[in-house]
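Here is the file data_24.txt (compact mmCIF, C-alpha atoms and all ligand atoms).
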```txt
# COMPACT_ATOMS: atom_id res chain seq x y z
CA MET A 484 7.27 8.59 23.72
CA GLY A 485 5.91 11.14 21.25
CA ALA A 486 9.45 12.01 20.12
CA PHE A 487 10.20 8.31 19.55
CA PHE A 488 7.18 7.80 17.29
CA SER A 489 7.85 11.02 15.39
CA SER A 490 10.62 9.08 13.64
CA LEU A 491 9.42 6.52 11.09
CA GLY A 492 12.87 4.90 11.00
CA ARG A 493 12.88 4.32 14.78
CA THR A 494 9.30 3.02 14.63
CA ILE A 495 10.20 0.45 11.98
CA ILE A 496 13.32 -0.65 13.89
CA ALA A 497 11.14 -1.03 17.01
CA GLY A 498 8.81 -3.31 15.03
CA PHE A 499 11.75 -5.56 14.14
CA VAL A 500 12.99 -5.51 17.75
CA ILE A 501 9.54 -6.65 18.98
CA LEU A 502 9.64 -9.42 16.37
CA ILE A 503 13.07 -10.59 17.61
CA VAL A 504 11.82 -10.60 21.21
CA ILE A 505 8.79 -12.69 20.15
CA ILE A 506 11.01 -15.14 18.25
CA LEU A 507 13.39 -15.52 21.22
CA ALA A 508 10.51 -15.90 23.69
CA VAL A 509 8.71 -18.49 21.57
CA SER A 510 11.90 -20.42 20.83
CA GLY A 511 12.58 -20.54 24.59
CA MET A 512 9.08 -21.91 25.19
CA SER A 513 9.10 -24.64 22.51
CA GLU A 514 11.32 -27.71 22.68
CA GLY A 515 12.59 -27.76 19.11
CA GLY A 516 13.46 -24.03 19.00
CA VAL A 517 12.20 -21.84 16.14
CA ARG A 518 11.13 -23.59 12.94
CA GLY A 519 12.19 -20.65 10.75
CA SER A 520 13.89 -21.27 7.41
CA ASP A 521 15.23 -19.21 4.50
CA LEU A 522 12.03 -20.03 2.67
CA PHE A 523 9.93 -18.71 5.51
CA VAL A 524 11.89 -15.44 5.70
CA VAL A 525 11.44 -14.91 1.95
CA ARG A 526 7.72 -15.68 2.29
CA TRP A 527 7.34 -13.20 5.13
CA LEU A 528 9.25 -10.43 3.32
CA HIS A 529 7.21 -11.18 0.18
CA VAL A 530 3.95 -10.70 2.08
CA MET A 531 5.26 -7.50 3.75
CA ALA A 532 6.25 -5.98 0.38
CA GLY A 533 2.95 -7.18 -1.14
CA VAL A 534 0.94 -5.52 1.61
CA MET A 535 2.73 -2.22 0.96
CA TRP A 536 2.13 -2.51 -2.79
CA ILE A 537 -1.53 -3.46 -2.66
CA GLY A 538 -2.12 -1.15 0.32
CA LEU A 539 -0.95 1.80 -1.76
CA LEU A 540 -2.90 0.58 -4.83
CA TRP A 541 -6.05 0.52 -2.72
CA TYR A 542 -5.16 3.91 -1.17
CA PHE A 543 -5.05 5.39 -4.70
CA ASN A 544 -8.34 3.76 -5.69
CA PHE A 545 -10.31 3.93 -2.45
CA VAL A 546 -9.05 7.28 -1.10
CA GLN A 547 -6.99 9.55 -3.34
CA THR A 548 -8.75 9.32 -6.71
CA PRO A 549 -12.32 9.63 -5.32
CA SER A 550 -11.22 12.56 -3.11
CA MET A 551 -9.63 14.64 -5.90
CA PRO A 552 -12.90 16.17 -7.23
CA LYS A 553 -13.75 17.32 -3.67
CA ILE A 554 -10.45 19.23 -3.26
CA PRO A 555 -10.39 22.90 -4.33
CA ASP A 556 -8.13 23.48 -7.36
CA GLU A 557 -5.64 25.66 -5.49
CA GLN A 558 -5.08 22.84 -2.95
CA LYS A 559 -4.70 20.05 -5.53
CA PRO A 560 -0.89 20.54 -5.87
CA ALA A 561 -0.52 19.21 -2.30
CA ILE A 562 -1.63 15.86 -3.70
CA SER A 563 -0.12 15.99 -7.18
CA LYS A 564 3.23 17.53 -6.20
CA VAL A 565 3.84 16.03 -2.76
CA ILE A 566 1.66 13.08 -1.70
CA ALA A 567 1.21 11.25 -5.02
CA PRO A 568 4.93 11.25 -5.97
CA ALA A 569 5.88 9.93 -2.51
CA ALA A 570 3.15 7.27 -2.63
CA LEU A 571 4.19 6.29 -6.17
CA PHE A 572 7.80 5.86 -5.05
CA TRP A 573 6.90 3.26 -2.39
CA PHE A 574 4.22 1.79 -4.70
CA ARG A 575 6.47 0.97 -7.65
CA TRP A 576 9.46 -0.23 -5.62
CA SER A 577 7.32 -2.42 -3.35
CA ALA A 578 5.74 -3.89 -6.52
CA LEU A 579 9.20 -4.79 -7.81
CA VAL A 580 10.36 -6.27 -4.50
CA THR A 581 7.12 -8.28 -4.17
CA MET A 582 7.57 -9.69 -7.66
CA VAL A 583 11.26 -10.60 -7.22
CA LEU A 584 10.64 -12.23 -3.82
CA GLY A 585 7.55 -14.04 -5.17
CA LEU A 586 9.54 -15.52 -8.06
CA LEU A 587 12.35 -16.41 -5.64
CA LEU A 588 9.82 -18.09 -3.35
CA ALA A 589 8.53 -20.26 -6.18
CA TYR A 590 12.10 -21.06 -7.28
CA MET A 591 13.17 -22.01 -3.74
CA SER A 592 10.03 -24.16 -3.45
CA HIS A 593 11.07 -25.98 -6.69
CA TYR A 594 7.86 -25.23 -8.56
CA LEU A 595 8.62 -22.06 -10.53
CA MET A 596 8.27 -23.76 -13.94
CA ALA A 597 5.35 -25.94 -12.84
CA ALA A 598 3.51 -22.84 -11.62
CA MET A 599 4.26 -20.70 -14.66
CA THR A 600 3.08 -23.47 -17.00
CA LEU A 601 -0.02 -24.04 -14.81
CA THR A 602 0.83 -27.69 -14.20
CA LYS A 603 -1.77 -29.74 -12.30
CA GLY A 604 -1.42 -29.17 -8.55
CA PHE A 605 0.05 -25.68 -9.11
CA HIS A 606 -2.93 -24.02 -10.80
CA ALA A 607 -3.76 -21.77 -7.86
CA ILE A 608 -0.32 -20.23 -7.37
CA GLY A 609 0.34 -20.27 -11.14
CA ILE A 610 -2.74 -18.16 -11.84
CA GLY A 611 -1.90 -15.91 -8.85
CA MET A 612 1.64 -15.42 -10.08
CA TRP A 613 0.54 -14.63 -13.65
CA LEU A 614 -1.95 -12.08 -12.31
CA GLY A 615 0.77 -10.59 -10.05
CA LEU A 616 3.23 -10.42 -12.96
CA ILE A 617 0.66 -8.69 -15.19
CA MET A 618 -0.01 -6.21 -12.37
CA ALA A 619 3.72 -5.54 -11.82
CA PHE A 620 4.12 -5.04 -15.59
CA ASN A 621 1.22 -2.56 -15.49
CA VAL A 622 2.86 -0.64 -12.64
CA TRP A 623 6.23 -0.22 -14.30
CA MET A 624 5.31 -0.08 -17.98
CA ILE A 625 1.97 1.78 -17.94
CA ILE A 626 1.06 3.42 -14.61
CA TRP A 627 4.44 4.94 -13.69
CA PRO A 628 5.39 6.33 -17.18
CA ASN A 629 1.90 7.84 -17.52
CA GLN A 630 1.86 9.20 -13.95
CA LYS A 631 5.15 10.98 -14.64
CA LYS A 632 3.36 12.88 -17.42
CA ALA A 633 0.12 13.34 -15.46
CA LEU A 634 1.87 14.75 -12.38
CA GLY A 635 4.18 17.02 -14.38
CA ILE A 636 7.36 15.11 -13.44
CA VAL A 637 8.06 15.13 -17.18
CA THR A 638 6.71 18.00 -19.25
CA VAL A 639 4.23 17.21 -22.04
CA SER A 640 1.40 19.02 -23.82
CA PRO A 641 -1.92 19.51 -21.92
CA GLU A 642 -3.62 16.97 -24.26
CA GLU A 643 -0.93 14.38 -23.63
CA LYS A 644 -1.12 15.07 -19.89
CA ALA A 645 -4.87 14.46 -19.84
CA ALA A 646 -4.53 11.26 -21.90
CA ALA A 647 -1.74 10.01 -19.60
CA ALA A 648 -3.85 10.65 -16.48
CA LYS A 649 -6.72 8.70 -18.04
CA MET A 650 -4.48 5.78 -18.99
CA ALA A 651 -2.80 5.64 -15.55
CA GLY A 652 -6.18 5.82 -13.81
CA MET A 653 -7.72 3.06 -15.92
CA THR A 654 -4.72 0.74 -15.50
CA SER A 655 -4.77 1.36 -11.75
CA ARG A 656 -8.45 0.34 -11.77
CA ILE A 657 -7.59 -2.80 -13.74
CA ASN A 658 -4.93 -3.68 -11.15
CA THR A 659 -7.45 -3.14 -8.33
CA MET A 660 -9.80 -5.57 -10.11
CA LEU A 661 -7.00 -8.13 -10.62
CA SER A 662 -5.82 -7.81 -6.99
CA ILE A 663 -8.97 -9.62 -5.83
CA PRO A 664 -8.46 -12.96 -7.65
CA MET A 665 -4.66 -12.55 -7.35
CA LEU A 666 -4.72 -12.48 -3.54
CA PHE A 667 -7.17 -15.38 -3.41
CA CYS A 668 -4.85 -17.50 -5.58
CA MET A 669 -1.74 -16.51 -3.58
CA VAL A 670 -3.20 -17.77 -0.33
CA ALA A 671 -5.09 -20.71 -1.91
CA GLN A 672 -1.97 -22.67 -2.84
CA SER A 673 -0.94 -23.45 0.75
CA HIS A 674 -4.26 -23.19 2.47
CA GLY A 675 -6.55 -25.18 0.21
CA GLY A 676 -8.75 -22.40 -1.12
CA LEU A 677 -8.90 -23.74 -4.68
C1 LIG A 701 4.47 -10.84 -9.25
C2 LIG A 701 3.83 -10.96 -8.15
C3 LIG A 701 3.81 -12.15 -7.23
C4 LIG A 701 4.43 -13.37 -7.31
C5 LIG A 701 5.34 -13.90 -8.41
C6 LIG A 701 4.06 -14.11 -6.11
C7 LIG A 701 4.45 -15.41 -5.76
C8 LIG A 701 4.07 -16.08 -4.62
C9 LIG A 701 4.45 -17.42 -4.27
C10 LIG A 701 5.32 -18.33 -5.11
C11 LIG A 701 3.86 -17.73 -3.08
C12 LIG A 701 3.97 -19.04 -2.29
C13 LIG A 701 2.70 -19.83 -2.41
C14 LIG A 701 2.75 -21.07 -1.55
O1 LIG A 701 3.47 -22.00 -1.92
O2 LIG A 701 2.09 -21.06 -0.54
C15 LIG A 701 3.12 -16.58 -2.67
C16 LIG A 701 2.39 -16.52 -1.50
C17 LIG A 701 1.75 -15.41 -1.06
N1 LIG A 701 1.76 -14.17 -1.65
FE1 LIG A 701 2.51 -13.75 -3.49
N2 LIG A 701 3.26 -13.30 -5.34
C18 LIG A 701 3.09 -12.10 -6.00
C19 LIG A 701 2.36 -11.01 -5.55
C20 LIG A 701 1.78 -10.91 -4.30
C21 LIG A 701 1.14 -9.74 -3.80
C22 LIG A 701 1.00 -8.41 -4.52
C23 LIG A 701 0.70 -10.00 -2.57
C24 LIG A 701 -0.01 -9.03 -1.68
C25 LIG A 701 -0.02 -9.07 -0.39
C26 LIG A 701 1.06 -11.37 -2.27
C27 LIG A 701 0.78 -12.02 -1.11
C28 LIG A 701 1.01 -13.33 -0.86
C29 LIG A 701 0.50 -14.05 0.27
C30 LIG A 701 -0.38 -13.48 1.40
C31 LIG A 701 0.95 -15.36 0.15
C32 LIG A 701 0.60 -16.52 1.04
C33 LIG A 701 1.58 -16.84 2.07
C34 LIG A 701 1.10 -18.06 2.81
O3 LIG A 701 0.00 -18.52 2.58
O4 LIG A 701 1.84 -18.53 3.65
N3 LIG A 701 1.73 -11.88 -3.35
N4 LIG A 701 3.26 -15.58 -3.61
```

Could you spell out this file's structure in structure tokens?
Amino acid sequence: MGAFFSSLGRTIIAGFVILIVIILAVSGMSEGGVRGSDLFVVRWLHVMAGVMWIGLLWYFNFVQTPSMPKIPDEQKPAISKVIAPAALFWFRWSALVTMVLGLLLAYMSHYLMAAMTLTKGFHAIGIGMWLGLIMAFNVWMIIWPNQKKALGIVTVSPEEKAAAAKMAGMTSRINTMLSIPMLFCMVAQSHGGL
């Protein structure tokens, strides 16, 4: 049991296997079979990627950044050289996947343009999508390039390194702020929150 869960890959596969068992069991129980559609699969994958993205954003803001001053200097490289680069890898790629699947979701639902132009009836998701797009832009164009300098992945002067850390930290805070209305708007479109 312990050996099984020591592998992340096997754990994730097991999650998918449990899902397939649930789908088969439920489809056997209901008369019309499963109601799944391409749109639903995209929606589900979009939410999974979004949870990883925002989960890591909140990890940075709720856990890592506030903990840094409490860590002795000689132990800080464990964060800056090992944990932060790994977290940033999943963070930026899950942001990209979330964005692509979100745009695809709107396109497949035939309201991409209506949402982007904030047409009546699509205000909620339109605002949510604009906030999400701004956040994804921030990840790839501001946070990641500055984190590369701040973490020493690219070599710059100490002044530039400090400025980059400040810029990445502030943009990450801005994204944390935007994540609150963004998530409200995402869910509001289909569930009447706005
Ligand atoms: C660029 C970024 C994003 C775009 C373009 C986008 C787009 C969309 C679209 C088009 C929908 C379908 C709304 C509907 O018709 O019900 C949606 C739903 C949703 N999105 Fe996003 N999204 C983005 C970011 C995120 C992020 C970061 C999360 C974080 C978890 C997220 C979570 C959700 C959730 C929970 C739903 C609702 C699903 C439901 O109510 O069934 N989205 N998004």

inquiry  = Just to confirm, what's the straight-line distance from atom CA of Gly533 of chain A to atom CA of Ala561 of chain A in Å (one decimal)?
reply    =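 Going from atom CA of Gly533 of chain A over to atom CA of Ala561 of chain A, I get 26.6 Å.
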
ask   = Can you tell me which residues sit at most 9 Å away from ligand LIG 701 (chain A), counting all atoms listed in the file, written as a ChimeraX atom specification?
value = /A:523,526-527,529-538,577-592,594-595,598,605,607-609,611-620,662,665-674

inquiry  = From the options A:Gly492, A:Gly498, A:Ser655, A:Ile503, which residue's atoms come nearest to Gln547 of chain A, counting all atoms listed in the file?
reply    =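 Of A:Gly492, A:Gly498, A:Ser655, A:Ile503, the one nearest Gln547 of chain A, counting all atoms listed in the file, is A:Ser655.
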
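Closest to Leu571 of chain A among A:Met551, A:Leu634, A:Ile610, A:Ala508 is A:Leu634, based on only C-alpha atoms.
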
remark   = Atom pair atom CA of Asp521 of chain A + atom CA of Leu539 of chain A, distance 27.2 Å

task = Mind giving me the straight-line distance from atom CA of Ile566 of chain A to atom CA of Lys632 of chain A in Å, one decimal?
result = 15.8 Å

Which neighbours of Asn629 of chain A fall inside 9 Å, counting all atoms listed in the file, when residues of the same chain fewer than 2 positions from it are skipped, and could you give them as a tab-separated table (two decimals) with C-alpha atoms, in the frame of the given file?
```
chain	number	residue	atom	x	y	z
A	624	MET	CA	5.31	-0.08	-17.98
A	625	ILE	CA	1.97	1.78	-17.94
A	626	ILE	CA	1.06	3.42	-14.61
A	627	TRP	CA	4.44	4.94	-13.69
A	631	LYS	CA	5.15	10.98	-14.64
A	632	LYS	CA	3.36	12.88	-17.42
A	633	ALA	CA	0.12	13.34	-15.46
A	634	LEU	CA	1.87	14.75	-12.38
A	644	LYS	CA	-1.12	15.07	-19.89
A	646	ALA	CA	-4.53	11.26	-21.90
A	647	ALA	CA	-1.74	10.01	-19.60
A	648	ALA	CA	-3.85	10.65	-16.48
A	649	LYS	CA	-6.72	8.70	-18.04
A	650	MET	CA	-4.48	5.78	-18.99
A	651	ALA	CA	-2.80	5.64	-15.55
```
